[in-house]
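Visitor: Pasting in a structure now, in structure tokens, and then I'll have a few things to ask.
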Amino acid sequence: MDRIPILRMGDYLLVTIQVDMHDQLAMTLQDDLTTAVQRTGAKGVLIDISALEMVDSFIGRMIANLSRMARILDARTMVVGMRPAVAITLVELGLSLAGVDTALDVERGMRRLREAVEEAGGSIVDEG
Amino acid sequence: MSTKDDVLPLRTEHDVVLARQHVRRLTQQLGFGLVDQTKMVTAASELARNTLIYGKGGEVRWETLTEGSRRGLRLHFIDEGPGIPDLQQALTDGWTSGSGLGLGLSGAKRLVNDFDIETAPGRGTRVTVTRWK
């Protein structure tokens, strides 16, 4: 069965989507990633979509859902590498990806993800 | 005006992927810019999924168009499914009969230059979209 690999690096999970996903594959990724967040206790998820030539409403919804589900499981999600043509098309399609954190590339995304996770971790210590 | 006419089936999720890849190639052959390519491919993806899910499968036909000096691509998404009972409603942002976001038809319409839909309950649906270079 088709699956998109999920890499673990410390407290982070990394996913690079490099294939043109059919809908079931997108749903499988959503389930796999959510399960992986719970299983590993990951604090951050980085999704690289720089290879995606198109994001339609289905894939957009998958990304937005994934981000919300991970948040509920105490992990932050960062979507990186969206192509300009994809961003223009998404907005015209009517999909704003509200609530999804994005960065231009993997390096910036990883930096912002670390900051967000450290901030969140810090506040828990403060409360304790 | 039409110079070429062909067809692909839309019976499985994989067919939807093949259809949008084919639309990408067609827009490239026509010399569409990257944004125009992406808009047409995204519209095709939305409409192909509608044909598969709501139309219970069907096909996509295409024509490359030449009108004076400009070139374009016209796609027809055809199914013999249940049809759309309330077209006005189906074209409204956010309205969905299924589990989607309700952006399929209305969103696809915004991504193309011309949008036409013929449907009747029990008589299937035919959506025709055109994008010019």
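Residues are referred to by chain and number: the chain letter is A, B, ... according to the order shown in the structure tokens, the number counts from 1 in that chain, and ligands are numbered separately from 1 in the order shown.
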Find the spatial neighbours of segment 75-92 of chain A, counting only C-alpha atoms, within a cut-off of 8 Å - ignore same-chain residues fewer than 5 positions away - and output them as a PyMOL selection string.
Guide: (chain A and resi 37+42-50+52-57+67+70+100-106+109-110+113+116-117) or (chain B and resi 34-35+38-39+42+107+110-111)
Visitor: Could you pull out the helix (DSSP H, G or I) residues of segment 13-103 of chain A, going by DSSP on the backbone, and write them as a compact mmCIF listing (two decimals) with N, CA and C atoms, in the first residue's frame?
Guide:
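For reference, part_33.txt as written:
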# COMPACT_ATOMS: atom_id res chain seq x y z
N ASP A 23 -6.69 10.94 -3.15
CA ASP A 23 -7.37 11.33 -1.91
C ASP A 23 -7.10 10.36 -0.76
N GLN A 24 -7.11 9.06 -1.06
CA GLN A 24 -6.91 8.08 0.00
C GLN A 24 -5.52 8.20 0.60
N LEU A 25 -4.55 8.50 -0.24
CA LEU A 25 -3.17 8.65 0.25
C LEU A 25 -3.08 9.85 1.19
N ALA A 26 -3.79 10.92 0.87
CA ALA A 26 -3.81 12.10 1.74
C ALA A 26 -4.46 11.76 3.08
N MET A 27 -5.54 10.98 3.04
CA MET A 27 -6.21 10.59 4.29
C MET A 27 -5.31 9.67 5.12
N THR A 28 -4.59 8.77 4.44
CA THR A 28 -3.68 7.87 5.15
C THR A 28 -2.58 8.66 5.84
N LEU A 29 -2.06 9.68 5.16
CA LEU A 29 -1.02 10.51 5.76
C LEU A 29 -1.56 11.23 7.00
N GLN A 30 -2.78 11.74 6.90
CA GLN A 30 -3.40 12.42 8.03
C GLN A 30 -3.48 11.48 9.24
N ASP A 31 -3.94 10.26 8.99
CA ASP A 31 -4.06 9.28 10.08
C ASP A 31 -2.70 8.88 10.62
N ASP A 32 -1.76 8.59 9.71
CA ASP A 32 -0.42 8.14 10.12
C ASP A 32 0.28 9.20 10.96
N LEU A 33 0.16 10.46 10.53
CA LEU A 33 0.86 11.53 11.25
C LEU A 33 0.24 11.76 12.62
N THR A 34 -1.09 11.74 12.68
CA THR A 34 -1.75 11.94 13.97
C THR A 34 -1.37 10.83 14.93
N THR A 35 -1.36 9.60 14.42
CA THR A 35 -0.96 8.45 15.24
C THR A 35 0.50 8.59 15.69
N ALA A 36 1.36 9.04 14.77
CA ALA A 36 2.78 9.17 15.09
C ALA A 36 3.01 10.24 16.15
N VAL A 37 2.24 11.32 16.11
CA VAL A 37 2.38 12.37 17.13
C VAL A 37 2.08 11.78 18.51
N GLN A 38 1.02 11.03 18.57
CA GLN A 38 0.62 10.44 19.85
C GLN A 38 1.67 9.42 20.32
N ARG A 39 2.10 8.56 19.41
CA ARG A 39 3.00 7.45 19.75
C ARG A 39 4.37 7.96 20.20
N THR A 40 4.88 9.00 19.50
CA THR A 40 6.23 9.47 19.79
C THR A 40 6.25 10.62 20.79
N SER A 57 -8.89 21.65 -2.81
CA SER A 57 -9.61 21.80 -1.54
C SER A 57 -9.47 20.56 -0.66
N PHE A 58 -9.33 19.40 -1.28
CA PHE A 58 -9.21 18.17 -0.48
C PHE A 58 -7.87 18.13 0.26
N ILE A 59 -6.80 18.39 -0.47
CA ILE A 59 -5.48 18.36 0.16
C ILE A 59 -5.35 19.52 1.15
N GLY A 60 -5.92 20.67 0.80
CA GLY A 60 -5.91 21.82 1.70
C GLY A 60 -6.61 21.50 3.00
N ARG A 61 -7.74 20.83 2.88
CA ARG A 61 -8.49 20.46 4.08
C ARG A 61 -7.71 19.46 4.93
N MET A 62 -7.03 18.52 4.26
CA MET A 62 -6.21 17.55 4.98
C MET A 62 -5.13 18.26 5.78
N ILE A 63 -4.47 19.24 5.16
CA ILE A 63 -3.40 19.97 5.84
C ILE A 63 -3.96 20.74 7.04
N ALA A 64 -5.11 21.40 6.84
CA ALA A 64 -5.71 22.17 7.93
C ALA A 64 -6.15 21.25 9.07
N ASN A 65 -6.75 20.12 8.74
CA ASN A 65 -7.19 19.17 9.77
C ASN A 65 -6.01 18.62 10.55
N LEU A 66 -4.98 18.28 9.81
CA LEU A 66 -3.79 17.71 10.43
C LEU A 66 -3.21 18.67 11.45
N SER A 67 -3.16 19.94 11.07
CA SER A 67 -2.62 20.96 11.95
C SER A 67 -3.46 21.06 13.22
N ARG A 68 -4.77 21.01 13.07
CA ARG A 68 -5.67 21.10 14.24
C ARG A 68 -5.56 19.86 15.12
N MET A 69 -5.50 18.68 14.49
CA MET A 69 -5.41 17.44 15.27
C MET A 69 -4.11 17.39 16.06
N ALA A 70 -3.01 17.78 15.40
CA ALA A 70 -1.71 17.77 16.08
C ALA A 70 -1.74 18.73 17.27
N ARG A 71 -2.40 19.87 17.07
CA ARG A 71 -2.49 20.88 18.14
C ARG A 71 -3.19 20.30 19.37
N ILE A 72 -4.26 19.56 19.12
CA ILE A 72 -5.00 18.94 20.22
C ILE A 72 -4.11 17.93 20.95
N PRO A 84 4.53 29.69 -5.01
CA PRO A 84 3.71 30.90 -5.18
C PRO A 84 2.44 30.62 -6.01
N ALA A 85 2.58 29.88 -7.09
CA ALA A 85 1.41 29.61 -7.95
C ALA A 85 0.34 28.82 -7.18
N VAL A 86 0.79 27.97 -6.27
CA VAL A 86 -0.15 27.19 -5.45
C VAL A 86 -0.87 28.11 -4.46
N ALA A 87 -0.11 29.04 -3.88
CA ALA A 87 -0.71 29.98 -2.91
C ALA A 87 -1.74 30.87 -3.60
N ILE A 88 -1.42 31.37 -4.77
CA ILE A 88 -2.34 32.23 -5.52
C ILE A 88 -3.62 31.46 -5.83
N THR A 89 -3.46 30.23 -6.28
CA THR A 89 -4.61 29.41 -6.66
C THR A 89 -5.48 29.06 -5.45
N LEU A 90 -4.84 28.76 -4.33
CA LEU A 90 -5.58 28.40 -3.11
C LEU A 90 -6.49 29.53 -2.66
N VAL A 91 -5.95 30.75 -2.70
CA VAL A 91 -6.74 31.90 -2.25
C VAL A 91 -7.92 32.13 -3.19
N GLU A 92 -7.68 32.00 -4.49
CA GLU A 92 -8.77 32.19 -5.44
C GLU A 92 -9.81 31.07 -5.33
N LEU A 93 -9.34 29.91 -4.99
CA LEU A 93 -10.24 28.77 -4.79
C LEU A 93 -11.16 29.03 -3.59
Visitor: Could you write out as a PyMOL selection string the residues of chain B within 10 Å of chain A, counting only C-alpha atoms?
Guide: chain B and resi 12-18+20-21+24+33-46+49+93-94+100-111
Visitor: Hey, can you spit out that residue selection with C-alpha atoms as a compact mmCIF listing (two decimals), in the first residue's frame?
Guide:
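The resulting file, out_18.txt, is reproduced below:
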# COMPACT_ATOMS: atom_id res chain seq x y z
CA THR B 12 -11.15 5.77 -9.50
CA GLU B 13 -9.15 8.17 -7.32
CA HIS B 14 -6.13 7.27 -9.40
CA ASP B 15 -8.00 8.41 -12.54
CA VAL B 16 -8.40 11.82 -10.88
CA VAL B 17 -4.60 12.02 -10.46
CA LEU B 18 -4.03 10.93 -14.07
CA ARG B 20 -4.94 16.41 -13.53
CA GLN B 21 -1.49 15.30 -14.69
CA ARG B 24 -0.97 19.89 -16.62
CA GLY B 33 2.20 30.41 -17.54
CA LEU B 34 2.77 28.63 -14.23
CA VAL B 35 -0.08 30.34 -12.38
CA ASP B 36 -2.54 29.68 -15.22
CA GLN B 37 -1.41 26.06 -15.38
CA THR B 38 -1.91 25.65 -11.65
CA LYS B 39 -5.36 27.24 -11.70
CA MET B 40 -6.57 25.00 -14.53
CA VAL B 41 -5.09 21.87 -12.96
CA THR B 42 -6.67 22.71 -9.60
CA ALA B 43 -10.06 23.38 -11.20
CA ALA B 44 -9.75 20.06 -13.05
CA SER B 45 -8.95 18.26 -9.81
CA GLU B 46 -12.04 19.68 -8.08
CA ARG B 49 -13.46 14.58 -7.90
CA ASP B 93 -19.52 28.72 -1.35
CA GLY B 94 -19.54 26.40 1.61
CA GLY B 100 -16.29 18.22 1.41
CA LEU B 101 -15.73 21.90 2.05
CA GLY B 102 -18.27 22.97 -0.52
CA LEU B 103 -15.64 24.73 -2.60
CA GLY B 104 -15.55 22.29 -5.51
CA LEU B 105 -17.93 23.89 -7.98
CA SER B 106 -17.80 27.50 -6.78
CA GLY B 107 -14.02 27.37 -6.37
CA ALA B 108 -13.43 25.78 -9.77
CA LYS B 109 -15.63 28.47 -11.34
CA ARG B 110 -13.37 31.19 -9.96
CA LEU B 111 -10.27 29.50 -11.42
Visitor: Would you kindly return, as an mmCIF file with N, CA and C atoms, in the first residue's frame, each protein, DNA or RNA residue with an atom no farther than 9 Å from any atom of Asp6 of chain B, considering only C-alpha atoms and excluding same-chain residues fewer than 2 positions away?
Guide:
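Written out: out.cif:
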data_model
loop_
_atom_site.group_PDB
_atom_site.id
_atom_site.type_symbol
_atom_site.label_atom_id
_atom_site.label_comp_id
_atom_site.auth_asym_id
_atom_site.auth_seq_id
_atom_site.Cartn_x
_atom_site.Cartn_y
_atom_site.Cartn_z
ATOM 1 N N LYS B 4 -8.329 19.435 -31.509
ATOM 2 C CA LYS B 4 -7.977 18.132 -30.971
ATOM 3 C C LYS B 4 -9.040 17.748 -29.954
ATOM 4 N N LEU B 8 -10.539 10.813 -21.139
ATOM 5 C CA LEU B 8 -9.979 9.929 -20.106
ATOM 6 C C LEU B 8 -11.114 9.540 -19.151
ATOM 7 N N VAL B 60 -13.639 12.680 -18.528
ATOM 8 C CA VAL B 60 -13.266 14.062 -18.864
ATOM 9 C C VAL B 60 -12.865 14.083 -20.333
ATOM 10 N N ARG B 61 -13.384 15.050 -21.062
ATOM 11 C CA ARG B 61 -13.019 15.257 -22.461
ATOM 12 C C ARG B 61 -12.342 16.604 -22.582
ATOM 13 N N TRP B 62 -11.474 16.743 -23.538
ATOM 14 C CA TRP B 62 -10.811 18.047 -23.680
ATOM 15 C C TRP B 62 -10.650 18.439 -25.149
ATOM 16 N N GLU B 63 -10.569 19.748 -25.337
ATOM 17 C CA GLU B 63 -10.301 20.329 -26.660
ATOM 18 C C GLU B 63 -9.302 21.454 -26.464
#
Visitor: Name the closest residue to Ala90 of chain B among the candidates B:Leu65, B:Ala19, B:Gly72, B:Ile117; distances are taken between atoms, counting only C-alpha atoms.
Guide: B:Ile117
Visitor: If we count only C-alpha atoms, what is near Phe115 of chain B at a cut-off of 7 Å, once residues fewer than 6 positions away on the same chain are taken out, given as a PyMOL selection string?
Guide: chain B and resi 109+128-130
Visitor: Could you write those residues out with C-alpha atoms, as a PDB file, in the first residue's frame?
Guide:
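After the write, part30.pdb holds the following:
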ATOM      1  CA  LYS B 109     -15.634  28.466 -11.335  1.00  0.00           C
ATOM      2  CA  THR B 128     -17.592  22.655 -19.126  1.00  0.00           C
ATOM      3  CA  VAL B 129     -14.732  24.977 -18.235  1.00  0.00           C
ATOM      4  CA  THR B 130     -12.418  26.996 -20.446  1.00  0.00           C
TER       5      THR B 130
END
